[in-house]
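Q: Structure: final_2.cif, mmCIF, C-alpha atoms.
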data_target
#
loop_
_atom_site.label_atom_id
_atom_site.label_comp_id
_atom_site.auth_asym_id
_atom_site.auth_seq_id
_atom_site.Cartn_x
_atom_site.Cartn_y
_atom_site.Cartn_z
CA MET A 1 86.38 71.83 111.31
CA LEU A 2 89.62 70.44 112.84
CA PRO A 3 91.97 72.19 110.34
CA PHE A 4 90.38 75.54 111.18
CA VAL A 5 90.73 74.92 114.92
CA MET A 6 94.41 74.08 114.42
CA ALA A 7 94.88 77.20 112.27
CA LEU A 8 93.26 79.38 114.93
CA LEU A 9 95.46 77.88 117.65
CA SER A 10 98.46 78.41 115.38
CA SER A 11 97.50 82.06 115.00
CA MET A 12 97.30 82.48 118.78
CA LEU A 13 100.70 80.85 119.29
CA TYR A 14 102.26 83.03 116.60
CA GLY A 15 100.74 86.06 118.31
CA VAL A 16 102.21 85.05 121.68
CA GLY A 17 105.55 84.38 120.01
CA ASP A 18 105.57 87.81 118.38
CA PHE A 19 104.79 89.45 121.71
CA LEU A 20 107.55 87.58 123.57
CA GLY A 21 110.00 88.14 120.73
CA GLY A 22 109.24 91.84 120.87
CA MET A 23 109.90 91.84 124.60
CA GLY A 24 113.25 90.19 124.01
CA ALA A 25 114.14 92.65 121.25
CA ARG A 26 113.57 95.51 123.69
CA ARG A 27 116.33 94.13 125.89
CA ALA A 28 118.95 93.11 123.33
CA ASN A 29 120.03 93.52 119.71
CA VAL A 30 117.19 92.49 117.38
CA LEU A 31 119.40 90.40 115.08
CA THR A 32 121.00 88.62 118.04
CA VAL A 33 117.62 87.81 119.60
CA THR A 34 116.22 86.56 116.30
CA ALA A 35 119.30 84.46 115.49
CA TRP A 36 119.18 82.71 118.87
CA PHE A 37 115.40 82.35 118.47
CA GLN A 38 115.96 80.45 115.21
CA ILE A 39 118.79 78.17 116.35
CA THR A 40 117.00 77.30 119.61
CA GLY A 41 113.97 76.37 117.54
CA VAL A 42 116.08 73.84 115.65
CA VAL A 43 116.83 72.05 118.92
CA VAL A 44 113.15 71.99 119.93
CA LEU A 45 112.04 70.76 116.51
CA VAL A 46 114.62 67.97 116.47
CA GLY A 47 112.95 66.64 119.62
CA TYR A 48 109.57 66.83 117.85
CA ALA A 49 110.93 65.15 114.70
CA LEU A 50 112.34 62.23 116.70
CA LEU A 51 108.86 61.51 118.09
CA ALA A 52 106.59 62.43 115.18
CA PRO A 53 105.67 59.67 112.72
CA GLY A 54 105.70 60.21 108.99
CA VAL A 55 107.69 59.97 105.78
CA THR A 56 110.77 62.09 105.10
CA ARG A 57 110.83 63.04 101.41
CA PRO A 58 113.69 65.04 99.81
CA SER A 59 111.15 67.32 98.12
CA ASP A 60 109.52 68.15 101.47
CA LEU A 61 112.91 69.00 102.97
CA ALA A 62 113.67 71.28 100.02
CA TRP A 63 110.33 73.14 100.17
CA ALA A 64 110.64 73.59 103.93
CA ALA A 65 114.22 74.86 103.64
CA LEU A 66 113.10 77.47 101.10
CA ALA A 67 110.21 78.41 103.40
CA GLY A 68 112.56 78.81 106.36
CA ALA A 69 114.95 81.05 104.44
CA ALA A 70 112.07 83.26 103.26
CA GLY A 71 110.50 83.41 106.72
CA GLY A 72 113.74 84.14 108.54
CA LEU A 73 114.64 86.98 106.19
CA GLY A 74 111.07 88.26 106.21
CA VAL A 75 110.97 88.57 109.99
CA THR A 76 114.31 90.40 109.98
CA LEU A 77 113.06 92.88 107.37
CA LEU A 78 109.84 93.30 109.34
CA TYR A 79 111.76 94.45 112.42
CA HIS A 80 113.88 96.73 110.24
CA ALA A 81 110.75 98.29 108.72
CA LEU A 82 109.21 98.86 112.12
CA ALA A 83 112.43 100.45 113.36
CA THR A 84 112.92 102.84 110.42
CA GLY A 85 109.35 103.66 109.35
CA VAL A 86 106.04 104.64 110.87
CA VAL A 87 104.84 101.54 112.76
CA SER A 88 101.13 101.98 112.07
CA THR A 89 101.91 102.07 108.34
CA ALA A 90 104.53 99.31 108.14
CA ALA A 91 102.84 96.70 110.37
CA PRO A 92 99.45 96.63 108.56
CA LEU A 93 101.18 96.60 105.17
CA VAL A 94 103.32 93.59 106.10
CA SER A 95 100.30 91.73 107.51
CA MET A 96 98.15 92.49 104.47
CA LEU A 97 100.78 91.25 102.01
CA ALA A 98 101.52 88.19 104.15
CA LEU A 99 97.81 87.36 103.87
CA THR A 100 97.47 88.23 100.18
CA VAL A 101 100.23 85.95 98.89
CA PRO A 102 98.76 82.62 100.13
CA VAL A 103 95.18 83.67 99.34
CA VAL A 104 96.12 84.46 95.74
CA ALA A 105 98.22 81.28 95.50
CA GLY A 106 95.32 79.19 96.77
CA LEU A 107 92.80 80.71 94.36
CA VAL A 108 95.21 80.40 91.42
CA GLY A 109 95.76 76.78 92.43
CA GLY A 110 92.07 76.08 91.96
CA GLU A 111 90.66 76.46 95.45
CA ARG A 112 87.00 77.53 95.45
CA PRO A 113 86.09 78.04 99.11
CA GLY A 114 82.56 79.36 98.54
CA LEU A 115 80.81 82.67 99.19
CA TRP A 116 80.86 82.88 103.01
CA PRO A 117 84.51 81.86 103.40
CA LEU A 118 85.42 84.46 100.74
CA VAL A 119 83.56 87.06 102.81
CA GLY A 120 85.56 85.78 105.79
CA ILE A 121 88.82 86.34 103.87
CA VAL A 122 87.83 89.95 103.21
CA LEU A 123 86.82 90.50 106.84
CA GLY A 124 90.04 88.85 108.00
CA ALA A 125 92.07 91.21 105.83
CA VAL A 126 90.21 94.22 107.26
CA ALA A 127 90.68 92.84 110.78
CA VAL A 128 94.45 92.56 110.29
CA LEU A 129 94.54 96.13 108.98
CA LEU A 130 92.57 97.48 111.96
CA VAL A 131 94.23 95.43 114.71
CA SER A 132 97.77 96.05 113.50
CA GLY A 133 97.36 99.82 113.54
CA GLU A 134 98.48 101.47 116.76
CA GLY A 135 96.40 104.58 116.33
CA HIS A 136 99.35 106.95 116.33
CA GLY A 137 100.60 106.87 112.78
CA GLU A 138 101.54 110.56 112.60
CA PRO A 139 105.28 111.12 113.06
CA THR A 140 106.47 112.86 116.20
CA ASP A 141 108.61 116.02 116.19
CA ALA A 142 111.68 113.80 116.56
CA GLN A 143 110.65 111.79 113.51
CA ALA A 144 109.79 114.83 111.38
CA PRO A 145 113.31 115.35 109.99
CA HIS A 146 113.12 111.96 108.21
CA ASP A 147 113.23 112.75 104.51
CA ALA A 148 111.02 111.29 101.80
CA ARG A 149 113.78 108.91 100.68
CA THR A 150 113.96 107.31 104.14
CA ALA A 151 110.18 106.91 104.21
CA ARG A 152 110.14 105.30 100.77
CA SER A 153 112.98 102.98 101.78
CA ALA A 154 111.10 101.83 104.91
CA LEU A 155 107.96 101.28 102.84
CA GLY A 156 109.91 99.19 100.33
CA VAL A 157 111.39 97.06 103.11
CA ALA A 158 107.88 96.52 104.55
CA VAL A 159 106.59 95.40 101.15
CA LEU A 160 109.45 92.91 100.76
CA ALA A 161 108.94 91.65 104.33
CA GLY A 162 105.25 90.98 103.69
CA LEU A 163 105.97 89.16 100.43
CA LEU A 164 108.62 86.99 102.10
CA ILE A 165 106.42 86.08 105.08
CA GLY A 166 103.54 85.29 102.72
CA SER A 167 105.92 83.17 100.65
CA PHE A 168 106.88 81.28 103.81
CA LEU A 169 103.23 80.27 104.27
CA VAL A 170 102.92 79.19 100.63
CA LEU A 171 106.20 77.27 100.50
CA LEU A 172 105.61 75.43 103.76
CA ALA A 173 102.18 74.42 102.46
CA ARG A 174 103.98 72.46 99.70
CA VAL A 175 105.10 69.87 102.27
CA GLN A 176 102.96 66.83 101.56
CA PRO A 177 100.51 65.22 104.01
CA GLY A 178 102.04 62.42 106.02
CA ALA A 179 105.44 64.12 106.19
CA SER A 180 107.61 63.63 109.25
CA GLY A 181 108.83 66.44 111.46
CA TRP A 182 112.18 66.73 109.69
CA PRO A 183 110.99 69.24 107.05
CA LEU A 184 110.25 71.66 109.90
CA VAL A 185 113.78 71.08 111.18
CA ALA A 186 115.14 71.82 107.70
CA GLY A 187 113.13 75.04 107.55
CA ARG A 188 114.34 76.25 110.91
CA ALA A 189 117.93 75.32 110.12
CA SER A 190 117.72 77.29 106.87
CA ALA A 191 116.38 80.32 108.74
CA SER A 192 119.19 79.96 111.29
CA VAL A 193 121.82 80.09 108.54
CA VAL A 194 120.25 83.27 107.14
CA LEU A 195 120.04 85.01 110.52
CA TRP A 196 123.51 84.07 111.75
CA ALA A 197 124.95 85.21 108.43
CA LEU A 198 123.26 88.57 109.02
CA VAL A 199 124.67 88.71 112.56
CA LEU A 200 128.18 88.25 111.20
CA LEU A 201 127.71 90.64 108.28
CA ARG A 202 126.25 93.37 110.49
CA ARG A 203 128.74 92.62 113.28
CA ALA A 204 125.93 92.29 115.79
CA PRO A 205 126.70 90.87 119.26
CA VAL A 206 126.87 87.08 119.33
CA ALA A 207 126.14 86.65 123.04
CA LEU A 208 122.53 87.16 124.09
CA ASP A 209 121.90 89.44 127.05
CA ARG A 210 120.67 87.46 130.07
CA SER A 211 117.52 89.59 130.41
CA ALA A 212 116.41 88.61 126.90
CA ARG A 213 116.88 84.86 127.28
CA ALA A 214 113.55 84.01 128.95
CA PRO A 215 111.33 85.86 126.44
CA MET A 216 113.43 84.48 123.57
CA LEU A 217 112.92 80.92 124.80
CA GLY A 218 109.19 81.51 125.29
CA ALA A 219 108.95 82.93 121.77
CA THR A 220 110.80 79.89 120.43
CA ILE A 221 108.45 77.37 122.04
CA THR A 222 105.25 79.16 120.99
CA ASP A 223 106.50 79.83 117.45
CA VAL A 224 107.51 76.19 117.00
CA GLY A 225 104.05 75.15 118.18
CA GLY A 226 102.53 77.57 115.69
CA ASN A 227 104.62 76.13 112.87
CA ILE A 228 103.59 72.56 113.68
CA LEU A 229 99.90 73.41 113.89
CA TYR A 230 100.02 75.49 110.70
CA LEU A 231 101.64 72.66 108.76
CA LEU A 232 99.09 70.14 110.03
CA ALA A 233 96.21 72.51 109.27
CA VAL A 234 97.29 73.48 105.75
CA GLN A 235 97.71 69.81 104.85
CA ARG A 236 94.04 69.27 105.67
CA GLY A 237 92.32 72.48 104.57
CA PRO A 238 92.41 75.11 101.80
CA LEU A 239 95.52 77.30 101.87
CA SER A 240 93.54 80.50 101.32
CA LEU A 241 91.34 79.93 104.38
CA ILE A 242 94.00 78.48 106.68
CA ALA A 243 96.41 81.32 105.92
CA THR A 244 93.72 83.91 106.63
CA LEU A 245 93.16 82.47 110.09
CA VAL A 246 96.89 82.26 110.78
CA THR A 247 97.49 85.90 109.82
CA LEU A 248 95.04 87.00 112.51
CA ALA A 249 97.98 86.63 114.92
CA PRO A 250 98.19 90.42 115.57
CA ALA A 251 94.89 90.18 117.49
CA THR A 252 96.57 87.98 120.12
CA THR A 253 99.63 90.23 120.24
CA VAL A 254 97.50 93.35 120.77
CA LEU A 255 95.43 91.68 123.52
CA LEU A 256 98.62 90.60 125.31
CA ALA A 257 100.00 94.12 125.07
CA GLN A 258 96.77 95.40 126.59
CA THR A 259 96.89 92.89 129.45
CA VAL A 260 100.60 92.72 130.24
CA LEU A 261 101.79 96.18 129.25
CA HIS A 262 98.50 97.88 130.16
CA GLU A 263 98.14 99.35 126.70
CA ARG A 264 94.63 100.38 125.69
CA LEU A 265 92.89 99.16 122.57
CA SER A 266 91.84 101.97 120.29
CA ARG A 267 88.31 101.98 118.88
CA ARG A 268 89.57 100.74 115.52
CA GLN A 269 91.42 97.86 117.20
CA GLN A 270 88.28 96.87 119.10
CA VAL A 271 86.39 96.78 115.80
CA GLY A 272 89.23 94.76 114.29
CA VAL A 273 89.07 92.12 117.03
CA ALA A 274 85.29 91.85 116.58
CA LEU A 275 85.69 91.44 112.81
CA ALA A 276 88.35 88.78 113.40
CA LEU A 277 85.88 86.74 115.46
CA VAL A 278 83.26 87.03 112.72
CA ALA A 279 85.86 86.02 110.12
CA VAL A 280 86.73 82.91 112.14
CA VAL A 281 83.09 81.80 112.08
CA LEU A 282 82.77 82.38 108.33
CA LEU A 283 86.08 80.72 107.49
CA SER A 284 85.17 77.63 109.50
CA ARG A 285 82.39 77.05 106.96
CA GLY A 286 84.97 76.59 104.22
CA THR A 287 85.03 73.48 102.10
CA GLY A 288 88.02 71.18 101.68
CA ARG A 289 90.26 71.12 98.64
#
Please re-express this file's structure in structure tokens.
A:
Amino acid sequence: MLPFVMALLSSMLYGVGDFLGGMGARRANVLTVTAWFQITGVVVLVGYALLAPGVTRPSDLAWAALAGAAGGLGVTLLYHALATGVVSTAAPLVSMLALTVPVVAGLVGGERPGLWPLVGIVLGAVAVLLVSGEGHGEPTDAQAPHDARTARSALGVAVLAGLLIGSFLVLLARVQPGASGWPLVAGRASASVVLWALVLLRRAPVALDRSARAPMLGATITDVGGNILYLLAVQRGPLSLIATLVTLAPATTVLLAQTVLHERLSRRQQVGVALALVAVVLLSRGTGR
């Protein structure tokens, strides 16, 4: 039961981090916010690594570094997809692929979670699809001039973003039980290199606007907490089930948007949240590896 509780808490922290990161991106350049988000996370994780017990293996550092690079690039492509495509199409597609990659990897790796957890995986996938949708997927008059090539390009970016974020979950799961906190530092440092390289290549501002600093820092702290809990959970439970719980993060983001920004949940989002709760119950009945 403990791995599933940690995975659920990880999902909530990721959801809070996404919300705060989105608030920061509204106030400053997206690449700049994300780059500072990554490098600040390195500092926070170094503090965790100095206190956390465990063994530091070269293989764990390598897997985590690959995971960080994939995750950092995936998040950047996600924001790009949301900026250039129809949000209610791009967001569910990214979430669905991010869920599919670790589920398939877990099943191929020999995980057999049982009937009810498999039903929970399906319900979790449907919940992500429903919760992520914003209920206004039709383009506005201002968006109408976008040609088919632009739409296909945005869709392709969304597909790649989902595959990269799903790969992050799979690669980080390769870190062995008993590992220290330094693999997480390696992952965040790798993501920082990717993001700062993009800042320089795209000539984005290096300085972060003062109004975006508080949400960026809040996103950093919650995301780091989510990473730690995910790693601990996936070392103790089946990847396919843990990843399904973690990718329910949009439910937390939507609820925060409803509370803080006074957005209203659509009927489909309400159904999605309800299905997510049912999926949590079913997934918690999963067996170990």
Q: Please report the interatomic distance between CA of Gly187 in chain A and CA of Leu229 in chain A in Å with one decimal.
A: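 Calculated distance between CA of Gly187 in chain A and CA of Leu229 in chain A is 14.8 Å.
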Q: For CA of Ala214 in chain A and CA of Gly17 in chain A, determine how far apart the two atoms are, in Å to one decimal place.
A: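 Separation between CA of Ala214 in chain A and CA of Gly17 in chain A: 12.0 Å.
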Q: Selected by the PyMOL selection byres ((chain A and resi 193) around 12) in the shown coordinates: which residues, as number ranges by chain?
A: A: 34-36, 38-39, 42, 65-66, 68-73, 186-192, 194-200
Q: Work out how far apart CA of Leu129 in chain A and CA of Val224 in chain A are and give it in Å to one decimal.
A: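 It comes out at 25.1 Å.
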Q: From the list A:Thr32, A:Gln235, A:Ser240, A:Gln269, which residue is nearest Val104 in chain A when using only C-alpha atoms?
A: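 When distances to Val104 in chain A are compared using only C-alpha atoms, the smallest one comes from A:Ser240.
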Q: Would you compute an axis-aligned box for range 199-212 of chain A, covering every atom listed for it in the file with 4 Å of margin on each side, and report centre and edge lengths in Å to one decimal as JSON?
A:
{"center_x": 122.6, "center_y": 90.0, "center_z": 119.3, "size_x": 20.3, "size_y": 14.7, "size_z": 30.1}
Q: As a list in words, please: the residues near Asp18 in chain A (cut-off 9 Å, only C-alpha atoms, same-chain neighbours under 2 positions excluded).
A: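 Once the nearby chain positions are removed, what remains is Leu13, Tyr14, Gly15, Val16, Leu20, Gly21, Gly22, Met23, Ala219, Asp223, Ala249, Pro250 and Thr253 of chain A.
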Q: When distances are computed from only C-alpha atoms, which of A:Val260, A:Trp63, A:Ser11, A:Leu282 shows the smallest separation from Trp116 in chain A?
A: A:Leu282
Q: Could you expand the PyMOL selection byres ((chain A and resi 251) around 10) into the explicit residues it covers here, written as a VMD selection string?
A: chain A and resid 11 to 12 15 to 16 127 to 128 130 to 132 247 to 250 252 to 257 269 to 270 272 to 274 276 to 277
Q: Give me a file of those residues, with C-alpha atoms, as a PDB file, keeping the file's coordinate frame.
A:
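File selection-v4.pdb, as written:
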ATOM      1  CA  SER A  11      97.500  82.060 115.000  1.00  0.00           C
ATOM      2  CA  MET A  12      97.300  82.480 118.780  1.00  0.00           C
ATOM      3  CA  GLY A  15     100.740  86.060 118.310  1.00  0.00           C
ATOM      4  CA  VAL A  16     102.210  85.050 121.680  1.00  0.00           C
ATOM      5  CA  ALA A 127      90.680  92.840 110.780  1.00  0.00           C
ATOM      6  CA  VAL A 128      94.450  92.560 110.290  1.00  0.00           C
ATOM      7  CA  LEU A 130      92.570  97.480 111.960  1.00  0.00           C
ATOM      8  CA  VAL A 131      94.230  95.430 114.710  1.00  0.00           C
ATOM      9  CA  SER A 132      97.770  96.050 113.500  1.00  0.00           C
ATOM     10  CA  THR A 247      97.490  85.900 109.820  1.00  0.00           C
ATOM     11  CA  LEU A 248      95.040  87.000 112.510  1.00  0.00           C
ATOM     12  CA  ALA A 249      97.980  86.630 114.920  1.00  0.00           C
ATOM     13  CA  PRO A 250      98.190  90.420 115.570  1.00  0.00           C
ATOM     14  CA  THR A 252      96.570  87.980 120.120  1.00  0.00           C
ATOM     15  CA  THR A 253      99.630  90.230 120.240  1.00  0.00           C
ATOM     16  CA  VAL A 254      97.500  93.350 120.770  1.00  0.00           C
ATOM     17  CA  LEU A 255      95.430  91.680 123.520  1.00  0.00           C
ATOM     18  CA  LEU A 256      98.620  90.600 125.310  1.00  0.00           C
ATOM     19  CA  ALA A 257     100.000  94.120 125.070  1.00  0.00           C
ATOM     20  CA  GLN A 269      91.420  97.860 117.200  1.00  0.00           C
ATOM     21  CA  GLN A 270      88.280  96.870 119.100  1.00  0.00           C
ATOM     22  CA  GLY A 272      89.230  94.760 114.290  1.00  0.00           C
ATOM     23  CA  VAL A 273      89.070  92.120 117.030  1.00  0.00           C
ATOM     24  CA  ALA A 274      85.290  91.850 116.580  1.00  0.00           C
ATOM     25  CA  ALA A 276      88.350  88.780 113.400  1.00  0.00           C
ATOM     26  CA  LEU A 277      85.880  86.740 115.460  1.00  0.00           C
TER      27      LEU A 277
END
Q: For a quick check of understanding, using only C-alpha atoms, which of A:Ile121, A:Ala212, A:Ala105, A:Leu8 has the smallest distance to Ala28 in chain A?
A: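 The closest residue to Ala28 in chain A is A:Ala212.
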Q: Have a look at A:Ala7, A:Val75, A:Ala67, A:Ala207 and name the one nearest to Val170 in chain A; count all atoms listed in the file.
A: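 Between A:Ala7, A:Val75, A:Ala67, A:Ala207, the residue approaching Val170 in chain A most closely is A:Ala67.
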Q: Would you please work out which residue, of A:Val5, A:Val206, A:Val30, A:Val43, is nearest to Leu184 in chain A when using only C-alpha atoms?
A: A:Val43
Q: What's around range 49-59 of chain A at 12 Å? Count only C-alpha atoms, leave out sequence neighbours fewer than 4 positions away in its own chain, and write the answer as a list of chain:residue names.
A: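 These residues fall inside the cut-off: A:Gly41, A:Val42, A:Val43, A:Val44, A:Leu45, A:Trp63, A:Ala64, A:Ala65, A:Leu66, A:Leu171, A:Leu172, A:Arg174, A:Val175, A:Gln176, A:Pro177, A:Gly178, A:Ala179, A:Ser180, A:Gly181, A:Trp182, A:Pro183, A:Leu184, A:Val185, A:Ala186, A:Val224, A:Ile228, A:Leu232.
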